[in-house]
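Asker: If you scroll down you'll find the structure; I have some questions about it.
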Amino acid sequence: MSTAGFAIPAELDRDLRRFRTRSLMVGGAALLLVAAGAFLNPPQFFRSYLWAYLFYIGVTLGSTALMMLHHLTGGAWGLVIRRLLESASRTLPVLALLFVPVLFGIPLLYEWSHTDVVARDELLRAKAPYLNVPFFIARTVVYFLLWVALARLLNRWSLAQDRTGDPGLARKMSALSGPGLLIYGLTVSFAMVDWVMSLEPHWWSTIIGMLFMAAQGLSALSFIVALVVLLSKREPLRSVLTPRHLHDLGKLMLAFVMLWAYLSFSQLLIIWSGNLTDEIPWYLKRLQGGWGIIGILLVLFHFALPFALLLSRDIKRSTRTLAPVAGLVLAMRLFDLFWWVAPAFQETGHVSFHVHWLDFAAPVALGGLWLAAFLWQLQKRPLMPVGDPNLEEALAHGRE
Amino acid sequence: MRSPLHGILAEFESPSELVAAARRAKERGYRKVEAYSPFPIEELNDVLHLHHSRLPLIVLIGGILGGLSGYLLQYYIAVIDYPINIGGRPLHSWPSFIVVTFELTILFAALAAVFGMLALNGLPKPYHPVFNVPRFALASRNRFFLCVESSDPQFDRKDTAAFLESLDAKEVSEVAD
């Protein structure tokens, strides 16, 4: 197949643009609602915004990490989705911009930002050298600088590879991806400690970094699988995607589902066994007053059902069955993040399940904007990394 | 009266030739076809329809049995046989049972995989007719073999040999039983 065959055909391009406009309009409309909510109920606005934001930054960072993983390991599974991963990673500047509202919400989200509260609390006083507003903002700026720099470099080299086919670029991308993944691991761990764990500053979990990395990888993979299945209804991906590629992606999804469950359970087991007053309220809140039902839903539909379905070889190899599983996992990722963030603002012993309309509007608003940014990036380049030296071999994967 | 045959063996020099030959044999309607190669060739699985073996089911059953026995073992010990108050927790404290349950699931599934595999493929097998062909030793080095077995309803000593010859086999030999 000629390399020109991977450019987005005019018809698909038009449809993507139409979808992009629609997504932007839906996102924009929801954003107006969310903005209204910000004036009507500021504390609720920031809570809803934060958990919705965590979902989209998860898909984006997970895609960036999978992209680096693929540069390191190679393999046909990654080559067919590389352009999708790259497009997601190029939305990081947009997400950096979308984080700005959270900075304004610090006083309403994080109790450690109030000097009077900290003064009365011995533990928070001890944590103040780390948990204070200027340092929090500085750290966040550093995370985004590092993420954007990694994504930019890898995307620039990938584009140059399209033009020149220079094998040295593949080596360069792989050489950056090793340290890049290390940086990803460290920054995501710190970011999740800052953004999520410090919502309840007395609580701690040493596994939170790993847990969110697994969750982000899973979100990204599920999004990409759903998308690649949709795109494979048309050329050029129709003649690229084979059951073997899907099989590989399905196996990775199974691994991430299991990793997420394993790490989530590890956190539960350690905190449950310790039964310490600083740690256990986190779970007490999330298992009482209706929140426990979400917990059970997570066990059943974030782990048990996808796990059982993904064991099957046939389900992993068919677009018709793998895409719904990916959709289910994506939906459960939203539930999981809601379960992590929303109960944080309730008092132990006085929790009750509560969903605000902003909890629906915020994910739609951010989702519309993010998807539009993603599609805009996706349309900029051919759908396959045409200069990659391993492309021929990857396309032959699953064919005779 | 000629000696009974196990089948007819064709020798190929590359995996792609073997796959092509296996496909042709299948297309011709042969069902008792066996391929021998120094390393696994994935396409062969599709051609010879080797995927739907019963091994996954055996492994699943092994895993479920392992998980159940792991959980029930701990339940029996902690709740029935030797109840101890540990930190005021309920006797049936399921979170602490999960780790062992998980490990036993893996253990039983792995054992079921190994022994199920041996039971299904009949290994270890001290004697197999294909070794009567001296060149078959190359199957563990750099040659690829396809054997049409005499138990196939379409098997015919002359026809089958002629058919295998027509596939550009490097050598075609009869396998004594």
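Here, A, B, ... name the chains of the structure tokens in the order displayed, residue numbers run from 1 inside each chain, and ligands are numbered from 1 in the same displayed order.
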At a cut-off of 10 Å, list the chain A residues touching chain B, using only C-alpha atoms, as a list in words.

Answerer: Tyr262, Phe265, Ser266, Leu268, Leu269, Ile270, Trp272, Ser273, Gly274, Asn275, Leu311, Ser312, Arg313, Gly398, Arg399 and Glu400 of chain A

Asker: Atoms to include: C-alpha atoms. Write the selected residues as an mmCIF file, in the first residue's frame.

Answerer:
data_model
loop_
_atom_site.group_PDB
_atom_site.id
_atom_site.type_symbol
_atom_site.label_atom_id
_atom_site.label_comp_id
_atom_site.auth_asym_id
_atom_site.auth_seq_id
_atom_site.Cartn_x
_atom_site.Cartn_y
_atom_site.Cartn_z
ATOM 1 C CA TYR A 262 -5.240 -5.368 41.996
ATOM 2 C CA PHE A 265 -7.833 -3.917 46.348
ATOM 3 C CA SER A 266 -4.292 -3.515 47.714
ATOM 4 C CA LEU A 268 -8.384 -1.369 50.547
ATOM 5 C CA LEU A 269 -6.610 -4.322 52.181
ATOM 6 C CA ILE A 270 -3.820 -2.194 53.656
ATOM 7 C CA TRP A 272 -8.703 -2.023 56.252
ATOM 8 C CA SER A 273 -6.001 -4.062 58.027
ATOM 9 C CA GLY A 274 -4.417 -1.002 59.608
ATOM 10 C CA ASN A 275 -7.799 0.393 60.676
ATOM 11 C CA LEU A 311 -10.987 -13.566 28.993
ATOM 12 C CA SER A 312 -12.694 -14.692 25.803
ATOM 13 C CA ARG A 313 -10.564 -14.762 22.694
ATOM 14 C CA GLY A 398 -2.559 -10.866 11.029
ATOM 15 C CA ARG A 399 -2.394 -11.213 7.247
ATOM 16 C CA GLU A 400 -0.709 -13.803 5.119
#

Asker: Using DSSP on the backbone, list every residue of chain B that comes out as strand (DSSP E or B), and give them as a PyMOL selection string.

Answerer: chain B and resi 5-12+33-36+144-149+171-176

Asker: Residues of chain B in alpha helix (DSSP H) according to DSSP, as a PyMOL selection string?

Answerer: chain B and resi 15-27+42-48+55-75+94-121+157-165

Asker: Of the residues B:Val100, B:Ala112, B:Val130, B:Cys147, which is the one nearest to Leu73 (chain B), using only C-alpha atoms?

Answerer: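 For Leu73 (chain B), the nearest of the given residues is B:Val100.
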
Asker: If we count only C-alpha atoms, what is near Ala35 (chain B) at a cut-off of 12 Å, once residues fewer than 2 positions away on the same chain are taken out, given as number ranges by chain?

Answerer: B: 8-12, 15, 17-23, 25-26, 32-33, 37-41, 43-45, 47-50, 130, 136, 139, 143-149

Asker: Excluding same-chain residues fewer than 2 positions from region 41-57 of chain A, what lies within 7 Å of it counting only C-alpha atoms, as an mmCIF file with C-alpha atoms, in the first residue's frame?

Answerer:
data_model
loop_
_atom_site.group_PDB
_atom_site.id
_atom_site.type_symbol
_atom_site.label_atom_id
_atom_site.label_comp_id
_atom_site.auth_asym_id
_atom_site.auth_seq_id
_atom_site.Cartn_x
_atom_site.Cartn_y
_atom_site.Cartn_z
ATOM 1 C CA GLY A 37 -23.524 26.891 38.029
ATOM 2 C CA ALA A 38 -20.245 28.507 38.991
ATOM 3 C CA PHE A 39 -22.167 31.620 40.035
ATOM 4 C CA VAL A 59 -7.349 9.779 28.984
ATOM 5 C CA THR A 60 -4.766 12.287 27.751
ATOM 6 C CA LEU A 61 -1.917 11.360 30.067
ATOM 7 C CA LEU A 95 -5.952 20.698 29.318
ATOM 8 C CA VAL A 102 -9.204 24.600 39.547
ATOM 9 C CA GLY A 105 -11.105 26.892 43.311
ATOM 10 C CA LEU A 108 -13.154 25.960 48.108
ATOM 11 C CA LEU A 109 -11.652 22.573 47.336
ATOM 12 C CA LEU A 334 -16.404 8.123 35.343
ATOM 13 C CA LEU A 337 -13.572 9.165 39.714
ATOM 14 C CA PHE A 338 -16.908 10.434 41.013
ATOM 15 C CA VAL A 341 -13.827 12.826 44.624
ATOM 16 C CA ALA A 342 -17.450 13.526 45.586
ATOM 17 C CA LEU A 358 -23.368 20.019 37.642
ATOM 18 C CA ASP A 359 -21.967 16.479 37.955
ATOM 19 C CA ALA A 362 -19.283 19.340 33.795
ATOM 20 C CA PRO A 363 -18.232 16.046 32.118
ATOM 21 C CA LEU A 366 -15.203 19.324 29.287
#

Asker: Which neighbours of region 171-184 of chain A fall inside 8 Å, counting only C-alpha atoms, when residues of the same chain fewer than 6 positions from it are skipped, and could you give them as a count of residues only?

Answerer: 11
